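Asks: What follows is start.pdb, PDB, C-alpha atoms, pLDDT in the B column.
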MODEL        1
ATOM      1  CA  MET A  96     372.285 153.037  69.356  1.00 38.00           C
ATOM      2  CA  GLY A  97     370.173 149.980  68.432  1.00 42.00           C
ATOM      3  CA  ASP A  98     368.263 147.653  70.685  1.00 44.00           C
ATOM      4  CA  ALA A  99     369.871 145.196  73.086  1.00 43.00           C
ATOM      5  CA  SER A 100     369.327 142.179  70.838  1.00 40.00           C
ATOM      6  CA  THR A 101     371.495 143.676  68.099  1.00 40.00           C
ATOM      7  CA  ARG A 102     373.910 145.665  70.266  1.00 45.00           C
ATOM      8  CA  ASP A 103     374.921 143.102  72.892  1.00 50.00           C
ATOM      9  CA  SER A 104     373.859 139.568  72.153  1.00 52.00           C
ATOM     10  CA  LYS A 105     373.628 139.391  68.388  1.00 82.00           C
ATOM     11  CA  ILE A 106     370.450 137.372  68.961  1.00 91.00           C
ATOM     12  CA  ASP A 107     367.305 138.393  67.124  1.00 95.00           C
ATOM     13  CA  PHE A 108     364.561 137.307  69.530  1.00 95.00           C
ATOM     14  CA  GLY A 109     362.041 138.499  66.934  1.00 96.00           C
ATOM     15  CA  ALA A 110     363.192 135.860  64.434  1.00 97.00           C
ATOM     16  CA  ALA A 111     360.732 133.171  63.352  1.00 97.00           C
ATOM     17  CA  ALA A 112     360.718 130.000  65.453  1.00 98.00           C
ATOM     18  CA  VAL A 113     358.566 126.976  66.225  1.00 98.00           C
ATOM     19  CA  LEU A 114     358.082 125.248  69.598  1.00 98.00           C
ATOM     20  CA  LEU A 115     357.679 121.489  69.177  1.00 98.00           C
ATOM     21  CA  LYS A 116     356.676 118.748  71.587  1.00 97.00           C
ATOM     22  CA  TRP A 117     357.590 115.102  71.380  1.00 96.00           C
ATOM     23  CA  PRO A 118     354.863 112.559  72.116  1.00 97.00           C
ATOM     24  CA  SER A 119     355.661 110.771  75.355  1.00 96.00           C
ATOM     25  CA  LEU A 120     354.947 107.644  77.307  1.00 95.00           C
ATOM     26  CA  GLY A 121     355.822 107.621  81.002  1.00 94.00           C
ATOM     27  CA  ASN A 122     357.221 111.161  80.632  1.00 95.00           C
ATOM     28  CA  GLN A 123     359.817 109.880  78.138  1.00 95.00           C
ATOM     29  CA  ARG A 124     360.093 110.828  74.465  1.00 94.00           C
ATOM     30  CA  ARG A 125     358.637 108.262  72.093  1.00 95.00           C
ATOM     31  CA  PRO A 126     361.438 107.463  69.610  1.00 89.00           C
ATOM     32  CA  ASP A 127     358.883 105.907  67.250  1.00 95.00           C
ATOM     33  CA  ARG A 128     356.917 109.174  66.915  1.00 95.00           C
ATOM     34  CA  THR A 129     357.648 112.586  65.455  1.00 95.00           C
ATOM     35  CA  SER A 130     357.383 115.902  67.222  1.00 95.00           C
ATOM     36  CA  TYR A 131     354.413 118.183  66.634  1.00 97.00           C
ATOM     37  CA  GLN A 132     354.002 121.956  66.588  1.00 98.00           C
ATOM     38  CA  VAL A 133     352.802 123.666  69.748  1.00 97.00           C
ATOM     39  CA  ILE A 134     353.328 127.307  68.720  1.00 97.00           C
ATOM     40  CA  GLU A 135     354.721 129.142  65.740  1.00 98.00           C
ATOM     41  CA  GLY A 136     355.897 132.680  66.348  1.00 98.00           C
ATOM     42  CA  THR A 137     359.028 134.542  67.314  1.00 98.00           C
ATOM     43  CA  LEU A 138     361.972 133.087  69.184  1.00 97.00           C
ATOM     44  CA  ASP A 139     360.934 135.228  72.153  1.00 96.00           C
ATOM     45  CA  GLN A 140     357.358 133.853  72.095  1.00 98.00           C
ATOM     46  CA  CYS A 141     358.580 130.265  71.820  1.00 98.00           C
ATOM     47  CA  ILE A 142     361.037 130.705  74.706  1.00 97.00           C
ATOM     48  CA  SER A 143     358.267 132.224  76.850  1.00 97.00           C
ATOM     49  CA  ALA A 144     355.862 129.384  75.987  1.00 98.00           C
ATOM     50  CA  PHE A 145     358.565 126.815  76.783  1.00 98.00           C
ATOM     51  CA  MET A 146     359.401 128.420  80.124  1.00 97.00           C
ATOM     52  CA  GLY A 147     355.680 128.339  80.990  1.00 97.00           C
ATOM     53  CA  LYS A 148     355.700 124.543  80.786  1.00 97.00           C
ATOM     54  CA  PRO A 149     356.226 122.504  83.973  1.00 96.00           C
ATOM     55  CA  ALA A 150     359.945 121.915  84.549  1.00 95.00           C
ATOM     56  CA  ALA A 151     359.318 118.157  84.789  1.00 96.00           C
ATOM     57  CA  THR A 152     358.081 118.050  81.178  1.00 96.00           C
ATOM     58  CA  ARG A 153     360.440 120.510  79.468  1.00 96.00           C
ATOM     59  CA  HIS A 154     362.673 117.698  78.198  1.00 96.00           C
ATOM     60  CA  LEU A 155     359.824 116.798  75.815  1.00 97.00           C
ATOM     61  CA  TYR A 156     360.121 120.130  73.956  1.00 97.00           C
ATOM     62  CA  GLU A 157     362.501 121.753  71.485  1.00 97.00           C
ATOM     63  CA  ILE A 158     362.580 124.954  69.476  1.00 98.00           C
ATOM     64  CA  ARG A 159     363.504 125.049  65.816  1.00 98.00           C
ATOM     65  CA  ALA A 160     364.765 128.389  64.576  1.00 97.00           C
ATOM     66  CA  THR A 161     366.901 129.969  61.906  1.00 93.00           C
ATOM     67  CA  PRO A 162     370.478 129.555  63.152  1.00 95.00           C
ATOM     68  CA  GLN A 163     372.148 132.653  64.601  1.00 94.00           C
ATOM     69  CA  PRO A 164     375.693 131.461  65.331  1.00 91.00           C
ATOM     70  CA  PRO A 165     377.140 130.989  67.812  1.00 89.00           C
ATOM     71  CA  LEU A 166     374.301 131.198  70.350  1.00 89.00           C
ATOM     72  CA  VAL A 167     371.252 130.008  68.413  1.00 94.00           C
ATOM     73  CA  THR A 168     371.364 126.659  66.622  1.00 95.00           C
ATOM     74  CA  ALA A 169     368.750 125.222  64.236  1.00 97.00           C
ATOM     75  CA  ILE A 170     367.365 122.929  66.949  1.00 96.00           C
ATOM     76  CA  LEU A 171     367.457 124.201  70.520  1.00 97.00           C
ATOM     77  CA  SER A 172     367.464 121.645  73.324  1.00 96.00           C
ATOM     78  CA  PRO A 173     365.609 122.268  76.591  1.00 96.00           C
ATOM     79  CA  GLU A 174     368.888 123.144  78.317  1.00 95.00           C
ATOM     80  CA  HIS A 175     369.816 125.571  75.551  1.00 95.00           C
ATOM     81  CA  ILE A 176     366.367 127.217  75.690  1.00 96.00           C
ATOM     82  CA  ALA A 177     366.672 127.713  79.447  1.00 95.00           C
ATOM     83  CA  GLU A 178     370.095 129.349  78.959  1.00 94.00           C
ATOM     84  CA  LEU A 179     368.713 131.675  76.270  1.00 95.00           C
ATOM     85  CA  SER A 180     365.856 132.569  78.608  1.00 95.00           C
ATOM     86  CA  ARG A 181     368.324 133.560  81.330  1.00 93.00           C
ATOM     87  CA  LEU A 182     370.454 135.489  78.831  1.00 89.00           C
ATOM     88  CA  ARG A 183     367.369 137.314  77.509  1.00 86.00           C
ATOM     89  CA  GLU A 184     366.661 138.655  81.002  1.00 80.00           C
ATOM     90  CA  PHE A 185     369.983 140.523  81.005  1.00 78.00           C
ATOM     91  CA  LEU A 186     369.489 142.198  77.623  1.00 67.00           C
TER      92      LEU A 186
ENDMDL
END
For the file at hand, write its structure as structure tokens.

Replies:
Amino acid sequence: MGDASTRDSKIDFGAAAVLLKWPSLGNQRRPDRTSYQVIEGTLDQCISAFMGKPAATRHLYEIRATPQPPLVTAILSPEHIAELSRLREFL
């Protein structure tokens, strides 16, 4: 039978991932700085941590994960993370 992540979505939410934050000034990413690690864990943990951030600051974050085409790319944008979060709720 298998679990939902392998049966329906082909997304392994248990895969390794890292949530990163970009330094900001005036709530805008600093292009002259590099992102830093907030949490290292599973894709599920990183999505949950991201969704726990205030919506007004989510654009400062990204998740880096092992690609799982077509739904999971190496670098997940805030919009992509939010979509995966919604998808995860239906699995």

Asks: Write out as a list in words each polymer residue whose atoms come within 10 Å of region 145-156 of chain A, counting all atoms listed in the file; drop sequence neighbours fewer than 2 positions from it.

Replies: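 After dropping sequence-adjacent residues, the list is Leu114, Leu115, Lys116, Trp117, Pro118, Ser119, Asn122, Gln123, Arg124, Arg125, Ser130, Tyr131, Gln132, Val133, Ile134, Asp139, Gln140, Cys141, Ile142, Ser143, Ile158, Leu171, Ser172, Pro173, Glu174, Ile176, Ala177 and Ser180 of chain A.
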
Asks: Just so the selection is clear, what residues does the PyMOL selection byres ((chain A and resi 108) around 12) cover here, as a JSON list (two decimals) with C-alpha atoms, keeping the file's coordinate frame?

Replies:
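Final file, part-v3.json:
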[["chain", "number", "residue", "atom", "x", "y", "z"],
["A", 98, "ASP", "CA", 368.26, 147.65, 70.68],
["A", 99, "ALA", "CA", 369.87, 145.20, 73.09],
["A", 100, "SER", "CA", 369.33, 142.18, 70.84],
["A", 101, "THR", "CA", 371.50, 143.68, 68.10],
["A", 104, "SER", "CA", 373.86, 139.57, 72.15],
["A", 105, "LYS", "CA", 373.63, 139.39, 68.39],
["A", 106, "ILE", "CA", 370.45, 137.37, 68.96],
["A", 107, "ASP", "CA", 367.30, 138.39, 67.12],
["A", 109, "GLY", "CA", 362.04, 138.50, 66.93],
["A", 110, "ALA", "CA", 363.19, 135.86, 64.43],
["A", 111, "ALA", "CA", 360.73, 133.17, 63.35],
["A", 112, "ALA", "CA", 360.72, 130.00, 65.45],
["A", 136, "GLY", "CA", 355.90, 132.68, 66.35],
["A", 137, "THR", "CA", 359.03, 134.54, 67.31],
["A", 138, "LEU", "CA", 361.97, 133.09, 69.18],
["A", 139, "ASP", "CA", 360.93, 135.23, 72.15],
["A", 140, "GLN", "CA", 357.36, 133.85, 72.10],
["A", 141, "CYS", "CA", 358.58, 130.26, 71.82],
["A", 142, "ILE", "CA", 361.04, 130.71, 74.71],
["A", 143, "SER", "CA", 358.27, 132.22, 76.85],
["A", 160, "ALA", "CA", 364.76, 128.39, 64.58],
["A", 161, "THR", "CA", 366.90, 129.97, 61.91],
["A", 162, "PRO", "CA", 370.48, 129.56, 63.15],
["A", 163, "GLN", "CA", 372.15, 132.65, 64.60],
["A", 166, "LEU", "CA", 374.30, 131.20, 70.35],
["A", 167, "VAL", "CA", 371.25, 130.01, 68.41],
["A", 176, "ILE", "CA", 366.37, 127.22, 75.69],
["A", 179, "LEU", "CA", 368.71, 131.68, 76.27],
["A", 180, "SER", "CA", 365.86, 132.57, 78.61],
["A", 182, "LEU", "CA", 370.45, 135.49, 78.83],
["A", 183, "ARG", "CA", 367.37, 137.31, 77.51],
["A", 184, "GLU", "CA", 366.66, 138.66, 81.00],
["A", 186, "LEU", "CA", 369.49, 142.20, 77.62]]

Asks: Report, in Å to a single decimal, how far apart CA of Arg159 (chain A) and CA of His175 (chain A) are.

Replies: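 Pair CA of His175 (chain A) / CA of Arg159 (chain A) returns 11.6 Å.
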
Asks: Where's the centre, and what are the edge lengths in Å to one decimal, of a box along x, y and z enclosing all listed atoms of region 163-173 of chain A padded 3 Å per side, as AutoDock Vina command-line options?

Replies:
--center_x 371.4 --center_y 127.1 --center_z 70.4 --size_x 17.5 --size_y 17.0 --size_z 18.4

Asks: Looking at all atoms listed in the file, which of A:Val113, A:Arg181, A:Pro164, A:Gly121 is the one that sits closest to Glu135 (chain A)?

Replies: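 That would be A:Val113, the residue with the smallest distance to Glu135 (chain A).
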